[in-house]
Every structure is written in C-alpha cells, then in structure tokens.
file work_29.csv (CSV, C-alpha atoms and all ligand atoms)
chain,number,residue,atom,x,y,z
A,16,MET,CA,99.2,86.1,-173.8
A,17,ASP,CA,100.4,89.0,-171.7
A,18,THR,CA,103.7,90.5,-172.7
A,19,ILE,CA,106.6,91.1,-170.4
A,20,ARG,CA,106.8,94.8,-169.8
A,21,ASN,CA,109.5,96.9,-168.0
A,22,ASP,CA,107.9,100.2,-168.6
A,23,TRP,CA,105.1,100.2,-166.0
A,24,SER,CA,104.1,103.6,-164.7
A,25,ILE,CA,103.4,104.2,-161.0
A,26,GLN,CA,99.8,105.1,-162.0
A,27,GLU,CA,99.3,101.8,-163.8
A,28,ILE,CA,100.6,99.9,-160.8
A,29,LYS,CA,98.4,101.9,-158.4
A,30,ASP,CA,95.3,101.0,-160.6
A,31,ILE,CA,96.2,97.3,-160.4
A,32,TYR,CA,97.0,97.3,-156.7
A,33,HIS,CA,93.9,99.1,-155.6
A,34,GLN,CA,91.4,97.0,-157.5
A,35,PRO,CA,88.7,95.2,-155.5
A,36,VAL,CA,90.4,92.1,-154.2
A,37,LEU,CA,88.2,89.6,-156.2
A,38,GLU,CA,88.9,91.4,-159.5
A,39,LEU,CA,92.6,91.6,-158.7
A,40,VAL,CA,92.9,87.9,-157.8
A,41,TYR,CA,90.9,86.9,-160.9
A,42,ARG,CA,93.2,88.9,-163.1
A,43,ALA,CA,96.4,87.6,-161.4
A,44,ALA,CA,95.1,84.0,-161.6
A,45,THR,CA,94.5,84.5,-165.3
A,46,VAL,CA,98.1,85.8,-165.8
A,47,HIS,CA,99.4,82.9,-163.6
A,48,ARG,CA,97.6,80.3,-165.8
A,49,ASN,CA,99.0,81.8,-169.0
A,50,TRP,CA,102.6,81.6,-167.8
A,51,HIS,CA,102.8,78.7,-165.3
A,52,LYS,CA,101.2,75.4,-164.4
A,53,PRO,CA,98.8,76.5,-161.6
A,54,ASP,CA,99.1,73.2,-159.7
A,55,GLU,CA,102.9,73.4,-159.4
A,56,VAL,CA,104.7,75.1,-156.5
A,57,GLN,CA,108.4,75.3,-156.2
A,58,VAL,CA,109.6,74.1,-152.8
A,59,CYS,CA,112.8,75.9,-151.8
A,60,THR,CA,114.7,75.0,-148.7
A,61,LEU,CA,116.3,77.8,-146.9
A,62,LEU,CA,119.2,77.1,-144.6
A,63,SER,CA,121.0,79.6,-142.3
A,64,ILE,CA,124.7,78.6,-142.8
A,65,LYS,CA,125.9,81.4,-140.5
A,66,THR,CA,123.5,82.8,-138.0
A,67,GLY,CA,123.4,86.1,-136.0
A,68,GLY,CA,126.1,88.6,-135.0
A,69,CYS,CA,125.4,90.8,-138.1
A,70,THR,CA,126.8,94.3,-138.0
A,71,GLU,CA,123.9,95.9,-139.9
A,72,ASP,CA,120.9,97.6,-138.3
A,73,CYS,CA,117.9,96.2,-140.3
A,74,ALA,CA,115.1,97.1,-137.9
A,75,TYR,CA,113.2,93.9,-138.6
A,76,CYS,CA,116.1,91.4,-138.2
A,77,GLY,CA,116.7,89.2,-135.3
A,78,GLN,CA,120.2,88.5,-136.5
A,79,ALA,CA,121.5,92.1,-136.0
A,80,ALA,CA,124.1,92.0,-133.2
A,81,ARG,CA,122.9,95.3,-131.8
A,82,TYR,CA,119.4,94.0,-130.8
A,83,HIS,CA,118.9,91.8,-127.8
A,84,THR,CA,116.9,89.0,-129.4
A,85,GLY,CA,118.4,86.0,-127.6
A,86,ILE,CA,119.3,84.4,-130.9
A,87,ARG,CA,122.3,82.1,-130.6
A,88,VAL,CA,125.2,83.2,-132.9
A,89,LYS,CA,126.6,80.3,-135.0
A,90,SER,CA,129.7,80.5,-137.1
A,91,LEU,CA,129.8,79.2,-140.7
A,92,MET,CA,128.7,75.6,-141.0
A,93,SER,CA,131.0,73.0,-142.7
A,94,LYS,CA,130.5,72.2,-146.3
A,95,GLU,CA,129.9,68.5,-145.4
A,96,ASP,CA,127.0,69.4,-143.1
A,97,VAL,CA,125.4,71.8,-145.6
A,98,VAL,CA,125.6,69.3,-148.5
A,99,ALA,CA,124.1,66.6,-146.3
A,100,ILE,CA,121.1,68.9,-145.4
A,101,ALA,CA,120.8,69.8,-149.1
A,102,GLN,CA,120.6,66.1,-150.0
A,103,ARG,CA,117.8,65.6,-147.4
A,104,ALA,CA,116.0,68.6,-148.8
A,105,LYS,CA,116.1,67.2,-152.3
A,106,ASP,CA,114.9,63.8,-151.1
A,107,ALA,CA,111.9,65.6,-149.4
A,108,GLY,CA,110.9,67.4,-152.6
A,109,SER,CA,112.9,70.6,-152.8
A,110,SER,CA,114.2,71.7,-156.2
A,111,ARG,CA,116.0,74.7,-154.9
A,112,PHE,CA,118.3,75.2,-152.0
A,113,CYS,CA,119.2,78.7,-150.6
A,114,MET,CA,122.1,79.2,-148.2
A,115,ALA,CA,121.9,82.4,-146.1
A,116,ALA,CA,124.7,84.0,-144.1
A,117,ALA,CA,124.1,87.0,-141.8
A,118,TRP,CA,126.8,89.2,-143.2
A,119,ARG,CA,126.8,92.8,-144.3
A,120,GLU,CA,128.9,91.8,-147.4
A,121,VAL,CA,131.0,89.0,-148.7
A,122,ARG,CA,134.7,89.3,-147.9
A,123,ASP,CA,137.4,87.7,-149.9
A,124,ASN,CA,138.6,85.4,-147.2
A,125,ARG,CA,138.5,81.7,-146.2
A,126,ASP,CA,134.8,81.7,-145.5
A,127,PHE,CA,134.1,82.8,-149.1
A,128,GLU,CA,136.3,79.9,-150.3
A,129,THR,CA,134.1,77.6,-148.2
A,130,ILE,CA,131.0,79.1,-149.6
A,131,LEU,CA,132.3,78.4,-153.1
A,132,GLU,CA,132.8,74.8,-152.2
A,133,MET,CA,129.3,74.6,-150.8
A,134,VAL,CA,127.9,76.0,-154.0
A,135,GLU,CA,129.8,73.4,-156.0
A,136,GLY,CA,128.6,70.6,-153.7
A,137,VAL,CA,124.9,71.6,-153.7
A,138,ASN,CA,125.0,72.2,-157.5
A,139,ASP,CA,126.4,68.6,-157.9
A,140,LEU,CA,123.2,67.3,-156.3
A,141,GLY,CA,121.2,68.8,-159.2
A,142,LEU,CA,119.5,71.5,-157.1
A,143,GLU,CA,119.1,75.1,-158.1
A,144,VAL,CA,121.6,76.7,-155.8
A,145,CYS,CA,120.9,80.1,-154.3
A,146,CYS,CA,122.8,82.2,-151.8
A,147,THR,CA,122.0,85.3,-149.8
A,148,LEU,CA,125.2,86.7,-148.3
A,149,GLY,CA,124.8,90.4,-148.3
A,150,MET,CA,126.5,92.8,-150.7
A,151,LEU,CA,128.6,91.4,-153.4
A,152,THR,CA,131.3,92.8,-155.8
A,153,GLU,CA,131.3,92.1,-159.5
A,154,SER,CA,134.3,89.7,-159.1
A,155,GLN,CA,132.7,87.8,-156.2
A,156,ALA,CA,129.6,87.4,-158.3
A,157,GLY,CA,131.7,86.0,-161.1
A,158,ARG,CA,133.4,83.5,-158.8
A,159,LEU,CA,130.0,82.3,-157.5
A,160,GLN,CA,128.7,81.9,-161.0
A,161,GLU,CA,131.8,79.8,-161.9
A,162,ALA,CA,131.2,77.6,-158.9
A,163,GLY,CA,127.6,76.9,-160.2
A,164,LEU,CA,125.5,79.5,-158.4
A,165,TYR,CA,122.0,79.6,-160.0
A,166,ALA,CA,120.5,82.5,-158.1
A,167,TYR,CA,121.4,85.2,-155.7
A,168,ASN,CA,118.9,86.7,-153.2
A,169,HIS,CA,119.1,90.3,-152.3
A,170,ASN,CA,115.8,91.9,-151.3
A,171,LEU,CA,114.9,95.5,-151.8
A,172,ASP,CA,112.9,95.3,-148.6
A,173,SER,CA,110.7,98.4,-149.2
A,174,SER,CA,110.6,101.6,-151.3
A,175,LYS,CA,113.7,103.7,-151.7
A,176,GLU,CA,112.0,106.4,-149.5
A,177,TYR,CA,111.0,104.1,-146.7
A,178,TYR,CA,114.3,102.1,-146.8
A,179,LYS,CA,116.0,104.9,-144.8
A,180,GLU,CA,113.5,104.4,-142.0
A,181,ILE,CA,114.4,100.7,-141.5
A,182,ILE,CA,118.2,100.5,-142.3
A,183,SER,CA,120.8,103.2,-141.9
A,184,THR,CA,124.0,101.1,-142.4
A,185,ARG,CA,123.7,100.9,-146.2
A,186,THR,CA,121.8,102.5,-148.9
A,187,TYR,CA,119.1,101.5,-151.4
A,188,ASP,CA,121.6,102.1,-154.2
A,189,ASP,CA,124.0,99.7,-152.5
A,190,ARG,CA,121.2,97.1,-152.9
A,191,LEU,CA,120.7,97.9,-156.5
A,192,ASN,CA,124.4,97.8,-157.3
A,193,THR,CA,124.6,94.2,-155.9
A,194,LEU,CA,121.7,93.2,-158.1
A,195,THR,CA,123.6,94.7,-161.1
A,196,HIS,CA,126.7,92.7,-160.3
A,197,VAL,CA,124.6,89.5,-160.0
A,198,ARG,CA,123.0,90.1,-163.4
A,199,LYS,CA,126.3,90.9,-165.0
A,200,ALA,CA,127.8,87.6,-163.8
A,201,GLY,CA,124.9,85.7,-165.4
A,202,ILE,CA,123.3,84.6,-162.1
A,203,THR,CA,119.5,84.8,-161.9
A,204,VAL,CA,118.1,87.4,-159.5
A,205,CYS,CA,115.9,86.8,-156.5
A,206,SER,CA,114.6,90.1,-155.1
A,207,GLY,CA,111.5,91.1,-153.4
A,208,GLY,CA,110.4,92.8,-150.1
A,209,ILE,CA,108.7,92.8,-146.8
A,210,ILE,CA,105.4,94.2,-145.9
A,211,GLY,CA,104.3,95.2,-142.4
A,212,LEU,CA,107.3,97.3,-141.6
A,213,GLY,CA,105.1,100.4,-141.0
A,214,GLU,CA,105.3,101.4,-144.7
A,215,SER,CA,102.4,102.9,-146.7
A,216,HIS,CA,100.6,101.4,-149.7
A,217,GLU,CA,102.5,104.0,-151.7
A,218,ASP,CA,105.8,102.5,-150.5
A,219,ARG,CA,104.7,99.0,-151.6
A,220,ILE,CA,103.7,100.3,-155.0
A,221,GLN,CA,107.0,102.1,-155.3
A,222,MET,CA,108.9,99.0,-154.4
A,223,LEU,CA,107.0,96.9,-157.0
A,224,HIS,CA,107.6,99.6,-159.5
A,225,THR,CA,111.4,99.4,-158.9
A,226,LEU,CA,111.3,95.6,-159.3
A,227,ALA,CA,109.1,95.6,-162.4
A,228,THR,CA,111.1,98.3,-164.2
A,229,LEU,CA,114.5,96.7,-163.8
A,230,PRO,CA,116.0,96.0,-167.2
A,231,LYS,CA,115.1,92.4,-166.6
A,232,HIS,CA,112.6,91.2,-164.0
A,233,PRO,CA,114.0,89.2,-161.1
A,234,GLU,CA,113.4,85.6,-161.9
A,235,SER,CA,112.2,85.2,-158.3
A,236,VAL,CA,110.2,87.7,-156.2
A,237,PRO,CA,109.8,86.8,-152.6
A,238,VAL,CA,106.9,88.5,-150.8
A,239,ASN,CA,107.4,88.5,-147.0
A,240,ALA,CA,105.2,89.5,-144.1
A,241,LEU,CA,107.2,91.0,-141.2
A,242,ALA,CA,108.1,88.2,-138.7
A,243,ARG,CA,108.0,90.2,-135.5
A,244,VAL,CA,111.1,89.3,-133.5
A,245,GLN,CA,111.2,90.3,-129.8
A,246,GLY,CA,114.1,92.6,-129.2
A,247,THR,CA,114.0,94.3,-132.6
A,248,PRO,CA,112.6,97.8,-133.1
A,249,LEU,CA,109.7,96.5,-135.1
A,250,ALA,CA,108.6,93.8,-132.6
A,251,ASP,CA,105.5,95.5,-131.5
A,252,LEU,CA,104.0,96.4,-134.9
A,253,PRO,CA,100.7,94.8,-135.7
A,254,LYS,CA,100.4,91.5,-137.6
A,255,ILE,CA,99.9,92.2,-141.3
A,256,ASP,CA,96.5,91.3,-142.6
A,257,SER,CA,96.6,88.4,-145.0
A,258,TRP,CA,94.6,90.3,-147.7
A,259,GLU,CA,97.5,92.7,-147.9
A,260,MET,CA,99.8,89.7,-148.7
A,261,VAL,CA,97.2,88.6,-151.3
A,262,ARG,CA,97.2,92.1,-152.8
A,263,MET,CA,101.0,92.3,-153.0
A,264,ILE,CA,101.3,88.8,-154.5
A,265,ALA,CA,98.6,89.4,-157.1
A,266,THR,CA,100.1,92.7,-158.2
A,267,ALA,CA,103.6,91.2,-158.4
A,268,ARG,CA,102.2,88.4,-160.5
A,269,ILE,CA,100.5,90.8,-163.0
A,270,LEU,CA,103.5,93.0,-163.3
A,271,MET,CA,106.1,90.2,-163.6
A,272,PRO,CA,104.2,87.4,-165.2
A,273,LYS,CA,107.1,85.1,-165.8
A,274,SER,CA,108.8,85.4,-162.4
A,275,MET,CA,108.4,82.9,-159.6
A,276,VAL,CA,106.5,84.7,-156.9
A,277,ARG,CA,107.5,83.3,-153.5
A,278,LEU,CA,105.1,83.3,-150.5
A,279,SER,CA,107.9,83.7,-148.0
A,280,ALA,CA,108.1,84.8,-144.3
A,281,GLY,CA,104.8,85.0,-142.5
A,282,ARG,CA,103.3,81.6,-143.5
A,283,SER,CA,103.4,80.3,-140.0
A,284,GLU,CA,100.9,82.9,-139.0
A,285,MET,CA,98.6,82.2,-141.9
A,286,THR,CA,95.9,79.5,-142.1
A,287,THR,CA,95.6,77.1,-145.0
A,288,GLU,CA,92.7,79.2,-146.3
A,289,GLU,CA,94.8,82.3,-146.2
A,290,GLN,CA,97.7,80.6,-148.0
A,291,SER,CA,95.4,79.2,-150.6
A,292,TRP,CA,94.3,82.7,-151.5
A,293,CYS,CA,98.0,83.6,-152.1
A,294,PHE,CA,98.4,80.6,-154.4
A,295,MET,CA,95.2,81.6,-156.2
A,296,ALA,CA,96.7,85.1,-156.6
A,297,GLY,CA,99.8,83.7,-158.3
A,298,ALA,CA,102.3,82.6,-155.7
A,299,ASN,CA,104.1,79.6,-157.0
A,300,SER,CA,106.8,79.0,-154.5
A,301,ILE,CA,107.3,78.5,-150.8
A,302,PHE,CA,110.2,78.1,-148.4
A,303,THR,CA,110.6,75.1,-146.2
A,304,SER,CA,113.3,74.2,-143.8
A,305,GLU,CA,114.2,71.1,-141.8
A,306,SER,CA,114.3,73.0,-138.6
A,307,GLU,CA,110.8,74.5,-139.1
A,308,GLU,CA,112.4,77.9,-138.9
A,309,LEU,CA,112.9,80.4,-141.7
A,310,LEU,CA,116.3,81.6,-140.7
A,311,VAL,CA,115.4,82.6,-137.1
A,312,THR,CA,111.6,82.8,-137.2
A,313,PRO,CA,109.0,80.0,-137.3
A,314,ASN,CA,107.9,78.3,-140.5
A,315,PRO,CA,105.3,75.6,-141.0
A,316,ARG,CA,106.1,71.9,-140.5
A,317,LEU,CA,106.9,69.9,-143.6
A,318,ASP,CA,104.0,67.6,-142.8
A,319,ASP,CA,101.6,70.5,-142.6
A,320,ASP,CA,102.8,71.7,-146.0
A,321,ARG,CA,102.3,68.1,-147.4
A,322,LYS,CA,98.7,68.1,-146.1
A,323,MET,CA,98.1,71.6,-147.6
A,324,PHE,CA,99.4,70.5,-151.0
A,325,ASP,CA,97.2,67.4,-150.9
A,326,LEU,CA,94.1,69.4,-150.0
A,327,LEU,CA,94.7,72.1,-152.6
A,328,GLY,CA,95.8,69.7,-155.4
A,329,LEU,CA,99.3,71.2,-155.6
A,330,LYS,CA,102.5,69.4,-156.3
A,331,PRO,CA,106.1,70.3,-155.9
A,332,MET,CA,107.6,71.7,-159.1
A,333,VAL,CA,110.1,69.1,-160.4
A,334,LYS,CA,113.2,70.4,-162.1
A,335,GLU,CA,114.5,68.2,-164.8
A,336,LYS,CA,117.6,67.5,-162.7
A,337,VAL,CA,115.5,66.6,-159.6
A,338,GLU,CA,114.0,63.1,-159.1
A,339,ASN,CA,112.4,61.3,-156.2
A,340,SER,CA,110.3,64.1,-154.8
A,341,THR,CA,108.2,62.9,-151.9
A,342,LEU,CA,106.6,66.1,-150.6
B,1,LIG,S1,118.8,91.4,-142.7
B,1,LIG,FE1,120.8,90.6,-143.2
B,1,LIG,S2,122.1,92.4,-143.4
B,1,LIG,FE2,120.3,93.0,-142.2
B,1,LIG,S3,120.8,92.7,-140.0
B,1,LIG,FE3,119.8,90.8,-140.8
B,1,LIG,S4,121.5,89.5,-141.4
B,1,LIG,FE4,122.3,91.5,-141.3
call {"tool": "encode", "arguments": {"input": "work_29.csv", "output": "structure tokens"}}
result
Amino acid sequence: MDTIRNDWSIQEIKDIYHQPVLELVYRAATVHRNWHKPDEVQVCTLLSIKTGGCTEDCAYCGQAARYHTGIRVKSLMSKEDVVAIAQRAKDAGSSRFCMAAAWREVRDNRDFETILEMVEGVNDLGLEVCCTLGMLTESQAGRLQEAGLYAYNHNLDSSKEYYKEIISTRTYDDRLNTLTHVRKAGITVCSGGIIGLGESHEDRIQMLHTLATLPKHPESVPVNALARVQGTPLADLPKIDSWEMVRMIATARILMPKSMVRLSAGRSEMTTEEQSWCFMAGANSIFTSESEELLVTPNPRLDDDRKMFDLLGLKPMVKEKVENSTL
C-alpha cells in the first residue's frame, strides 16, 4: 500500500508527470485500486446560487462583471428553491451538493445568513454539503462548519507564478489563507486547478506540488479543463488535449492517493472514450447539474452520464446517509 506523503519534491513530481502515458496511467490505476473502489464514482451536483456580476478579474471566468459575456446576472436564490433542487439531485443519485456564489469574498450580511440556512437545509437531506463562495475569514468558516458544511471549494487555479497572469485582484497567498481558515474550522478542503489557461507543464507541476505538500492533502481535488467563454480574455485559446487531462489526473492520483480526484469542467467537450481514460487514470468523481450547465458553461446531460456509467460498469458512490440513488 502506498503511503500518504506530504514531502514530494518538484523533481519527483516531474518524473511522474512526464512518464509515457501508458506507464503513468497503469501506475495511477494501481494506486486508485489500492485506495478506492474502482467502479465507484461520486456524483456531485453543482448549483450556481448567485450568478455573474463578480468584481474579480479571473481571465477564464464568464461571471466576471468586467467581461462582456452575455451571462444573465442572478441574485441569491431562496433557501427553499435551493433545498428543493438538492432533494432532486439526491433522488437522481448525487451524494454531494455544491453551492456556488460568484463573490470575491463572503461578507457578514443577510446573504451570509441565508447561505447558513441553505447549508443546514441541504445537510438535513443527508448530502455532503459543499460551498464555493470566494475568500473566507476564520470566523465565517467556523459559522459554516457549525451550520453543517462538509467541504469548502477554493481552487488554486494554477501555479503561484502563473496565477498573476490570470488574476490581478487577489493573490495566491489570499487563496492559501482561505484554505487554512477552512482547515482550522474542521471543514474538508476541495482544491484543484484548471489547465489550458496558457500555462506551461512546469506551472502544472508547481500547482500539483503546492497541493500535494499542504500539511494535509485536500480531500477533493478538481481537475478542470478551461471552458472557453466568449467575451473573456482566454476565449480564443486552443482546446486542451484530453491526454493532458489524463496526465494531470493520473499525477494527482499518485501524489494524493486518498483524495477524491474530480473530473470537472471540460467533460462536455470530451467523448466517452476520453472520459473513460480519466476514470482509468484515477478520477473518481464528476459534477452534474440539472440545468446541464456547470455554473455558466455546458455540462453533459444526466442521461448521457447514465449511459456512460452503464457502459463502463461504474456506479454512483453511495454515502451511508444517501439512499435511493437512481443514476
Ligand atoms: S472565478 Fe469566482 S472570483 Fe473569479 S471572477 Fe469568476 S466568480 Fe468571480
């Protein structure tokens, strides 16, 4: 059995990342089978509870107010609507429910009180509740934990060096501070990144190094391919090759054996064959959404995911608290 290590060197990660893809996938699949049931994939529903109008300048994001993306701004949803969607997600096979708000940071106002009520409501359904709300203080993290929050998503996006090229309105250290607050509060961490932003292989290796040398690995590591949104500065970048996703996922799986590795944005541009390589390489979670959108970009239809699961012999991971999965 592989051990959990937090002392990976850059060179070790380079050696893993640059292996021939068949060797890399074989090794990652072996690690995957040592730590997880290879036929189980966690289905996580992602819901945008507040859309667009964000003050930040993340160059990949269709929700940044400064870019003309044509995305309709929507204010914070009601708790009742969110809990109803969470119930339907559970009935359709999700064991985790992630609520996303396009904010720079959480403010201590009425919206935050509503979020806390949403967390309680979704937690009462027996789902793992996750939020992604921007930067968070220690006391806000504590209040979310008390309300029943299971996980907090805050991606590193890229390497510390490349981060400056894609976001200027906050720093990499701001990101890491929020992760520290989340950990201190006893909430599990969901943190990964995006490839296809114009970064180098070195940047990807650096980002994986940062994640894999945190005092505790994130319990969940989303690997996203850039979803190119018209109107954003990165809209015209080329589509990322699926082998690059496979390489990232496999390396993340080897470095962080126990973590859930999430095949996240980009699935709608991947064939079933391409996605199956990602599962073989150790991905064991996907995002779904009722609206067939992942926040503001396309995501596969639930029916297509069901067919893919049947074909590949995969089944949705069932949390002890979740029954009646039908995906
Ligand atoms: S990624 Fe998040 S913080 Fe950045 S612009 Fe989009 S919604 Fe705002």
call {"tool": "closest_residue", "arguments": {"input": "work_29.csv", "among": "A:Thr225, A:Ser110, A:Ser306, A:Thr286", "to": "Ala267 (chain A)", "atoms": "all atoms listed in the file"}}
result
A:Thr225
call {"tool": "closest_atom_pairs", "arguments": {"input": "work_29.csv", "of": "chain A", "to": "ligand LIG 1 (chain B)", "cutoff": "8 Å", "atoms": "all atoms listed in the file", "output": "JSON lines"}}
result
{"residue": "A:Thr66", "atom": "CA", "partner": "B:LIG1", "partner_atom": "S4", "distance": 7.8}
{"residue": "A:Gly67", "atom": "CA", "partner": "B:LIG1", "partner_atom": "S4", "distance": 6.7}
{"residue": "A:Gly68", "atom": "CA", "partner": "B:LIG1", "partner_atom": "FE4", "distance": 7.9}
{"residue": "A:Cys69", "atom": "CA", "partner": "B:LIG1", "partner_atom": "FE4", "distance": 4.5}
{"residue": "A:Thr70", "atom": "CA", "partner": "B:LIG1", "partner_atom": "FE4", "distance": 6.2}
{"residue": "A:Glu71", "atom": "CA", "partner": "B:LIG1", "partner_atom": "S3", "distance": 4.5}
{"residue": "A:Asp72", "atom": "CA", "partner": "B:LIG1", "partner_atom": "S3", "distance": 5.2}
{"residue": "A:Cys73", "atom": "CA", "partner": "B:LIG1", "partner_atom": "FE2", "distance": 4.4}
{"residue": "A:Ala74", "atom": "CA", "partner": "B:LIG1", "partner_atom": "S3", "distance": 7.5}
{"residue": "A:Tyr75", "atom": "CA", "partner": "B:LIG1", "partner_atom": "S1", "distance": 7.4}
{"residue": "A:Cys76", "atom": "CA", "partner": "B:LIG1", "partner_atom": "FE3", "distance": 4.6}
{"residue": "A:Gly77", "atom": "CA", "partner": "B:LIG1", "partner_atom": "FE3", "distance": 6.5}
{"residue": "A:Gln78", "atom": "CA", "partner": "B:LIG1", "partner_atom": "FE3", "distance": 4.9}
{"residue": "A:Ala79", "atom": "CA", "partner": "B:LIG1", "partner_atom": "S3", "distance": 4.1}
{"residue": "A:Ala80", "atom": "CA", "partner": "B:LIG1", "partner_atom": "S3", "distance": 7.6}
{"residue": "A:Ala116", "atom": "CA", "partner": "B:LIG1", "partner_atom": "S4", "distance": 6.9}
{"residue": "A:Ala117", "atom": "CA", "partner": "B:LIG1", "partner_atom": "S4", "distance": 3.6}
{"residue": "A:Trp118", "atom": "CA", "partner": "B:LIG1", "partner_atom": "FE4", "distance": 5.4}
{"residue": "A:Arg119", "atom": "CA", "partner": "B:LIG1", "partner_atom": "S2", "distance": 4.8}
{"residue": "A:Glu120", "atom": "CA", "partner": "B:LIG1", "partner_atom": "S2", "distance": 7.9}
{"residue": "A:Leu148", "atom": "CA", "partner": "B:LIG1", "partner_atom": "FE1", "distance": 7.8}
{"residue": "A:Gly149", "atom": "CA", "partner": "B:LIG1", "partner_atom": "S2", "distance": 5.9}
{"residue": "A:Ile182", "atom": "CA", "partner": "B:LIG1", "partner_atom": "FE2", "distance": 7.8}
call {"tool": "closest_atom_pairs", "arguments": {"input": "work_29.csv", "of": "region 214-265 of chain A", "to": "region 187-192 of chain A", "cutoff": "12 Å", "atoms": "only C-alpha atoms", "output": "tab-separated table"}}
result
residue	atom	partner	partner_atom	distance
A:Met222	CA	A:Tyr187	CA	10.9
A:Thr225	CA	A:Leu191	CA	9.7
A:Leu226	CA	A:Leu191	CA	10.1
A:Leu229	CA	A:Leu191	CA	9.7
A:Pro230	CA	A:Leu191	CA	11.8
A:Pro233	CA	A:Leu191	CA	11.9
call {"tool": "atom_distance", "arguments": {"input": "work_29.csv", "atom1": "CA of Val244 (chain A)", "atom2": "CA of Thr186 (chain A)"}}
result
22.9 Å
call {"tool": "closest_atom_pairs", "arguments": {"input": "work_29.csv", "of": "region 179-296 of chain A", "to": "region 138-145 of chain A", "cutoff": "10 Å", "atoms": "all atoms listed in the file", "output": "JSON lines"}}
result
{"residue": "A:Ile202", "atom": "CA", "partner": "A:Cys145", "partner_atom": "CA", "distance": 9.3}
{"residue": "A:Thr203", "atom": "CA", "partner": "A:Cys145", "partner_atom": "CA", "distance": 9.0}
{"residue": "A:Val204", "atom": "CA", "partner": "A:Cys145", "partner_atom": "CA", "distance": 9.4}
{"residue": "A:Cys205", "atom": "CA", "partner": "A:Cys145", "partner_atom": "CA", "distance": 8.6}
call {"tool": "build_atoms", "arguments": {"input": "work_29.csv", "residues": "region 186-201 of chain A", "atoms": "N, CA and C atoms", "output": "mmCIF file, keeping the file's coordinate frame"}}
result
data_model
loop_
_atom_site.group_PDB
_atom_site.id
_atom_site.type_symbol
_atom_site.label_atom_id
_atom_site.label_comp_id
_atom_site.auth_asym_id
_atom_site.auth_seq_id
_atom_site.Cartn_x
_atom_site.Cartn_y
_atom_site.Cartn_z
ATOM 1 N N THR A 186 122.774 101.787 -148.196
ATOM 2 C CA THR A 186 121.800 102.500 -148.900
ATOM 3 C C THR A 186 121.016 101.632 -149.933
ATOM 4 N N TYR A 187 119.922 102.177 -150.411
ATOM 5 C CA TYR A 187 119.100 101.500 -151.400
ATOM 6 C C TYR A 187 119.974 101.259 -152.689
ATOM 7 N N ASP A 188 120.796 102.258 -152.996
ATOM 8 C CA ASP A 188 121.600 102.100 -154.200
ATOM 9 C C ASP A 188 122.667 101.014 -154.021
ATOM 10 N N ASP A 189 123.152 100.802 -152.788
ATOM 11 C CA ASP A 189 124.000 99.700 -152.500
ATOM 12 C C ASP A 189 123.329 98.359 -152.936
ATOM 13 N N ARG A 190 122.043 98.288 -152.557
ATOM 14 C CA ARG A 190 121.200 97.100 -152.900
ATOM 15 C C ARG A 190 121.197 96.899 -154.399
ATOM 16 N N LEU A 191 120.846 97.989 -155.074
ATOM 17 C CA LEU A 191 120.700 97.900 -156.500
ATOM 18 C C LEU A 191 122.004 97.562 -157.210
ATOM 19 N N ASN A 192 123.114 98.074 -156.666
ATOM 20 C CA ASN A 192 124.400 97.800 -157.300
ATOM 21 C C ASN A 192 124.718 96.278 -157.185
ATOM 22 N N THR A 193 124.397 95.680 -156.041
ATOM 23 C CA THR A 193 124.600 94.200 -155.900
ATOM 24 C C THR A 193 123.795 93.475 -156.951
ATOM 25 N N LEU A 194 122.548 93.901 -157.135
ATOM 26 C CA LEU A 194 121.700 93.200 -158.100
ATOM 27 C C LEU A 194 122.334 93.361 -159.539
ATOM 28 N N THR A 195 122.912 94.512 -159.816
ATOM 29 C CA THR A 195 123.600 94.700 -161.100
ATOM 30 C C THR A 195 124.755 93.747 -161.256
ATOM 31 N N HIS A 196 125.546 93.589 -160.187
ATOM 32 C CA HIS A 196 126.700 92.700 -160.300
ATOM 33 C C HIS A 196 126.247 91.241 -160.488
ATOM 34 N N VAL A 197 125.150 90.876 -159.838
ATOM 35 C CA VAL A 197 124.600 89.500 -160.000
ATOM 36 C C VAL A 197 124.197 89.278 -161.431
ATOM 37 N N ARG A 198 123.462 90.222 -161.973
ATOM 38 C CA ARG A 198 123.000 90.100 -163.400
ATOM 39 C C ARG A 198 124.173 90.009 -164.345
ATOM 40 N N LYS A 199 125.168 90.906 -164.129
ATOM 41 C CA LYS A 199 126.300 90.900 -165.000
ATOM 42 C C LYS A 199 127.040 89.583 -165.053
ATOM 43 N N ALA A 200 127.043 88.921 -163.906
ATOM 44 C CA ALA A 200 127.800 87.600 -163.800
ATOM 45 C C ALA A 200 126.957 86.490 -164.420
ATOM 46 N N GLY A 201 125.710 86.767 -164.808
ATOM 47 C CA GLY A 201 124.900 85.700 -165.400
ATOM 48 C C GLY A 201 124.204 84.822 -164.402
#
